[in-house]
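Student: Supplied in structure tokens, the structure appears directly below.
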Number of protein chains: 2
Amino acid sequence: MGRAREGERAGAVSVALQNVRFDDILAAARRLQGVAHRTPVLTSRTLDALTGARVYLKCENFQRMGAFKFRGAYNRLVQLDAAQREGGVVTYSSGNHAQGVALAARLLGVAATVVMPADAPESKLAASRGYDAEIVFYRRPEEDREQIARRIAHERRATLVPPYDDVQVIAGQATAALEFLQDKRGIDVLLVPTGGGGLLAGSAVTAAALDPQIAVYGVEPEAGNDFQQSFLAGRRVTIPVPDTIADGMMTQAPGELTFPIVRRLAHGITTVSDDELRVAMRFAFERMKLVIEPSGAAGLAALLAGKLDVPSKGVGVIISGGNVDAASFAEILQG
Amino acid sequence: MGRAREGERAGAVSVALQNVRFDDILAAARRLQGVAHRTPVLTSRTLDALTGARVYLKCENFQRMGAFKFRGAYNRLVQLDAAQREGGVVTYSSGNHAQGVALAARLLGVAATVVMPADAPESKLAASRGYDAEIVFYRRPEEDREQIARRIAHERRATLVPPYDDVQVIAGQATAALEFLQDKRGIDVLLVPTGGGGLLAGSAVTAAALDPQIAVYGVEPEAGNDFQQSFLAGRRVTIPVPDTIADGMMTQAPGELTFPIVRRLAHGITTVSDDELRVAMRFAFERMKLVIEPSGAAGLAALLAGKLDVPSKGVGVIISGGNVDAASFAEILQG
């Protein structure tokens, strides 16, 4: 409870009274045109045969820097004014959001600082450094990365770019769902990997605007079911740091801005075990020749594990990212 | 020399005076419509930056059964008459051609027999069995798989489906290049993985018909450069069984039907080492989130290794397949 209140207090100033409108999403799509990839949608007869559904996979693992996160980061950064660009941007993440911010910043000629744990894997450091970001280390669990990022932003007059609790970040992520539903008709159910809820909230707004009949489900790890608990309780519930291979889904509570949107517009939240994630990653490797990171496989895992009633339906699955290092992938393949 | 003459004699009856016309390829494309996947073409800004070229990857690793081989097999089998369908089909291969024939046969309700070495990997057996093919084992190197296949075909009045020396097989493979050149304008150079030369011959005929300015190159393993030697010598040269990780490129000589086409229409043959194949597979994994088998990575490997002068050109690369077992892939990733 202490943590939940702390989290609420920290974010309260920036997100009060904000909402994501479909117009924001359409505007984001215009900004991203020619900058983000319009990623392909793949199908698999084997997958259709296994599930009895017509399944479409929106491959955001093929997005620039390997995940949908580039969309939100770029949509946020491209709207900075001249003074803000001069001050640079700061973010806290050891994962795809940091890389998305770093790449967007480089494209726009903006300096980026990424706050990362001192024990972050070398591959994640290398990826952010590869996009010319400055790395600031902190020691976990003693230090709070969000507070460090806020302090740096204050000292440098830099702009903090949060991973999901931001209207323009959410609107950017939503463009993945917008392209998906524009490119493929007949989607009845949409499965969306869910960490802080940016992609899920954006997808839910998009689906509600284009076709309210579409049932949008978030999928998160069993061990990190903060969204599911919150959805059922009707309020944001905070959980301990989850122990899961889904390194992009280790949030402890839904976002302050994302949760009300999800609660209002999503159909539900389902969960998958780490073993179900591994099965999905192996299926993607063997039968579809796709590299998917653990978090990115959540929707496919839910489908393959039969978590939802889909036979004879059109099922859209967002494959949210493919950034997994060789050693982890090799281990999961052979597990 | 003895082997070369033997190979020529064995194939002489079936391939004499045959040629592949562009009309055969257009007809194959009509037959494959709605049956084969029209596979996507992917791009990578990283790849463009590394090579200075505009690179397009035609992803036949996303084809049904995981490789372009389905195209040729189906195009051949769908033209069998009622009596031939009744007799079934026979092929010799431990790789993608066998799976392509087995899948095409199942779709058409035709019995398929695959002649495989007794020591074939379990994954390859499982794949062919999964498509309901009957497996006949032989002992290598004592027995000749082609002779066994011919004997079975004779005994059962079944039709032998060769892996590349067949007009309709070549025409089917060519549809990969046809789609590629239809979907992407501005391809100046086309790189084609080359084993027996079916895909290369078909691609060369297609490019010559659509735009004779396109330079078509075959790419084969250094250790198995039978096509390169033959191309330079102006006649089919036979080499010992090559030692390479490219298990789809272990042919000892160019095809009798494919070679004259390649000699007339291809610009050249280049080679890549096993290490260059591994580098390409790791690049595809890390930067493009693609699973490519060793043979399928030949074109990408040649490009990344700088084997061709491509800066400022449009380069089309056929990624021919993605069937690699988990253990081998894991080993290559971590190598």
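Identifiers in this document derive from the order of the structure tokens: chains are assigned A, B, ..., residues are numbered from 1 separately in each chain, and ligands are numbered from 1 in order of occurrence.
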With a distance cut-off of 7 Å and only C-alpha atoms, select the neighbouring residues of Tyr164 of chain B, excluding the residue or stretch itself and same-chain residues fewer than 5 positions from it, and output the selection as a VMD selection string.
Tutor: chain B and resid 169 to 170 196 to 198 255
Student: Please produce, as JSON lines, a per-residue contact table for chain A versus chain B (criterion: any atom at most 7 Å away, only C-alpha atoms considered), showing the nearest atom pair and its distance in Å to one decimal, sorted by chain then residue number.
Tutor:
{"residue": "A:Asn61", "atom": "CA", "partner": "B:Lys289", "partner_atom": "CA", "distance": 6.5}
{"residue": "A:Phe62", "atom": "CA", "partner": "B:Met288", "partner_atom": "CA", "distance": 6.3}
{"residue": "A:Phe285", "atom": "CA", "partner": "B:Val291", "partner_atom": "CA", "distance": 6.7}
{"residue": "A:Met288", "atom": "CA", "partner": "B:Phe62", "partner_atom": "CA", "distance": 6.3}
{"residue": "A:Lys289", "atom": "CA", "partner": "B:Val291", "partner_atom": "CA", "distance": 4.6}
{"residue": "A:Leu290", "atom": "CA", "partner": "B:Leu290", "partner_atom": "CA", "distance": 5.3}
{"residue": "A:Val291", "atom": "CA", "partner": "B:Lys289", "partner_atom": "CA", "distance": 4.6}
{"residue": "A:Gly322", "atom": "CA", "partner": "B:Lys289", "partner_atom": "CA", "distance": 6.0}
{"residue": "A:Ala326", "atom": "CA", "partner": "B:Leu333", "partner_atom": "CA", "distance": 5.7}
{"residue": "A:Ala327", "atom": "CA", "partner": "B:Gln334", "partner_atom": "CA", "distance": 6.5}
{"residue": "A:Ala330", "atom": "CA", "partner": "B:Ala330", "partner_atom": "CA", "distance": 4.4}
{"residue": "A:Leu333", "atom": "CA", "partner": "B:Ala326", "partner_atom": "CA", "distance": 5.7}
{"residue": "A:Gln334", "atom": "CA", "partner": "B:Ala326", "partner_atom": "CA", "distance": 6.4}
Student: Just the residues within 7 Å of segment 88-97 of chain B, please, counting only C-alpha atoms, with nothing from its chain fewer than 2 positions along; format it as a PyMOL selection string.
Tutor: chain B and resi 67+69+84-86+99-101+110-116+120+124+145-146+149+153+158-163+248
Student: Can you pull out the residues contacting Leu103 of chain A? Cut-off 9 Å, using only C-alpha atoms, and skip same-chain residues under 4 positions away; I want them as number ranges by chain.
Tutor: A: 64-65, 70, 73-74, 98-99, 107-108, 112, 128, 130-133
Student: Report the residues of segment 113-156 of chain B whose backbone DSSP state falls under helix (DSSP H, G or I), written as a list in words.
Tutor: Glu122, Ser123, Lys124, Leu125, Ala126, Ala127, Ser128, Arg129, Gly130, Arg145, Glu146, Gln147, Ile148, Ala149, Arg150, Arg151, Ile152, Ala153, His154, Glu155 and Arg156 of chain B
Student: Using DSSP assignments from the backbone, pull out every residue in segment 83-275 of chain B that falls under strand (DSSP E) and give it to me as a compact mmCIF listing (two decimals) with C-alpha atoms, in the first residue's frame.
Tutor:
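Generated output (result_9.txt):
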# COMPACT_ATOMS: atom_id res chain seq x y z
CA VAL B 89 5.28 -39.50 -55.88
CA VAL B 90 8.80 -40.35 -54.77
CA THR B 91 11.66 -38.05 -53.94
CA TYR B 92 15.15 -38.26 -52.51
CA ALA B 112 4.47 -39.41 -51.05
CA THR B 113 7.59 -41.49 -50.40
CA VAL B 114 10.81 -39.84 -49.29
CA VAL B 115 14.16 -41.60 -49.55
CA MET B 116 16.34 -40.43 -46.68
CA PRO B 117 19.70 -41.44 -45.24
CA GLU B 134 6.40 -42.56 -46.04
CA ILE B 135 10.12 -42.64 -45.27
CA VAL B 136 12.47 -45.16 -46.92
CA PHE B 137 15.94 -45.26 -45.43
CA TYR B 138 19.22 -45.93 -47.19
CA THR B 159 6.37 -40.29 -60.29
CA LEU B 160 9.86 -39.20 -59.35
CA VAL B 189 21.32 -6.82 -58.25
CA LEU B 190 19.60 -10.05 -57.20
CA LEU B 191 21.37 -12.49 -54.86
CA VAL B 192 20.13 -16.07 -54.91
CA PRO B 193 21.20 -18.96 -52.64
CA ALA B 215 22.39 -8.63 -62.50
CA VAL B 216 21.59 -12.05 -61.03
CA TYR B 217 24.22 -13.73 -58.86
CA GLY B 218 24.19 -17.18 -57.34
CA VAL B 219 25.74 -17.58 -53.89
CA GLU B 220 27.08 -20.92 -52.67
CA PRO B 221 29.40 -22.12 -49.88
CA GLY B 268 28.15 -14.73 -61.87
CA ILE B 269 28.53 -16.95 -58.85
CA THR B 270 30.06 -15.83 -55.58
CA THR B 271 30.89 -17.87 -52.50
CA VAL B 272 30.74 -17.45 -48.72
Student: From the set B:Leu277, B:Ala127, B:Ile25, B:Leu199, which residue has the shortest atom-to-atom contact distance to Glu222 of chain B, counting only C-alpha atoms?
Tutor: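 Smallest separation from Glu222 of chain B among the options: B:Leu277.
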Student: Take atom CA of Gln252 of chain B and atom CA of Arg235 of chain B and report the distance between them in Å, one decimal.
Tutor: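 Computed distance, atom CA of Gln252 of chain B to atom CA of Arg235 of chain B, equals 13.5 Å.
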Student: For Phe231 of chain B, work out the shell of residues within 12 Å, counting only C-alpha atoms and skipping chain neighbours fewer than 5 positions away, then give it as a count of residues only.
Tutor: 23
Student: Listing only residues of segment 203-261 of chain A within 10 Å of segment 179-184 of chain A, what is the closest atom pair and its distance in Å (to one decimal) for each, using only C-alpha atoms, sorted by chain and residue number ascending, as CSV?
Tutor:
residue,atom,partner,partner_atom,distance
A:Ser203,CA,A:Leu181,CA,9.7
A:Thr206,CA,A:Leu181,CA,8.6
A:Ala207,CA,A:Leu181,CA,7.7
A:Leu210,CA,A:Leu181,CA,7.9
A:Asp211,CA,A:Leu181,CA,9.1
A:Ile214,CA,A:Leu181,CA,9.9
Student: In Å, with one decimal, what is the gap from atom CA of Phe68 of chain B to atom CA of Ala176 of chain A?
Tutor: 29.5 Å
Student: Please compute the atom CA of Val35 of chain A-atom CA of Lys58 of chain A distance, one decimal, in Å.
Tutor: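 Going from atom CA of Val35 of chain A over to atom CA of Lys58 of chain A covers 17.7 Å.
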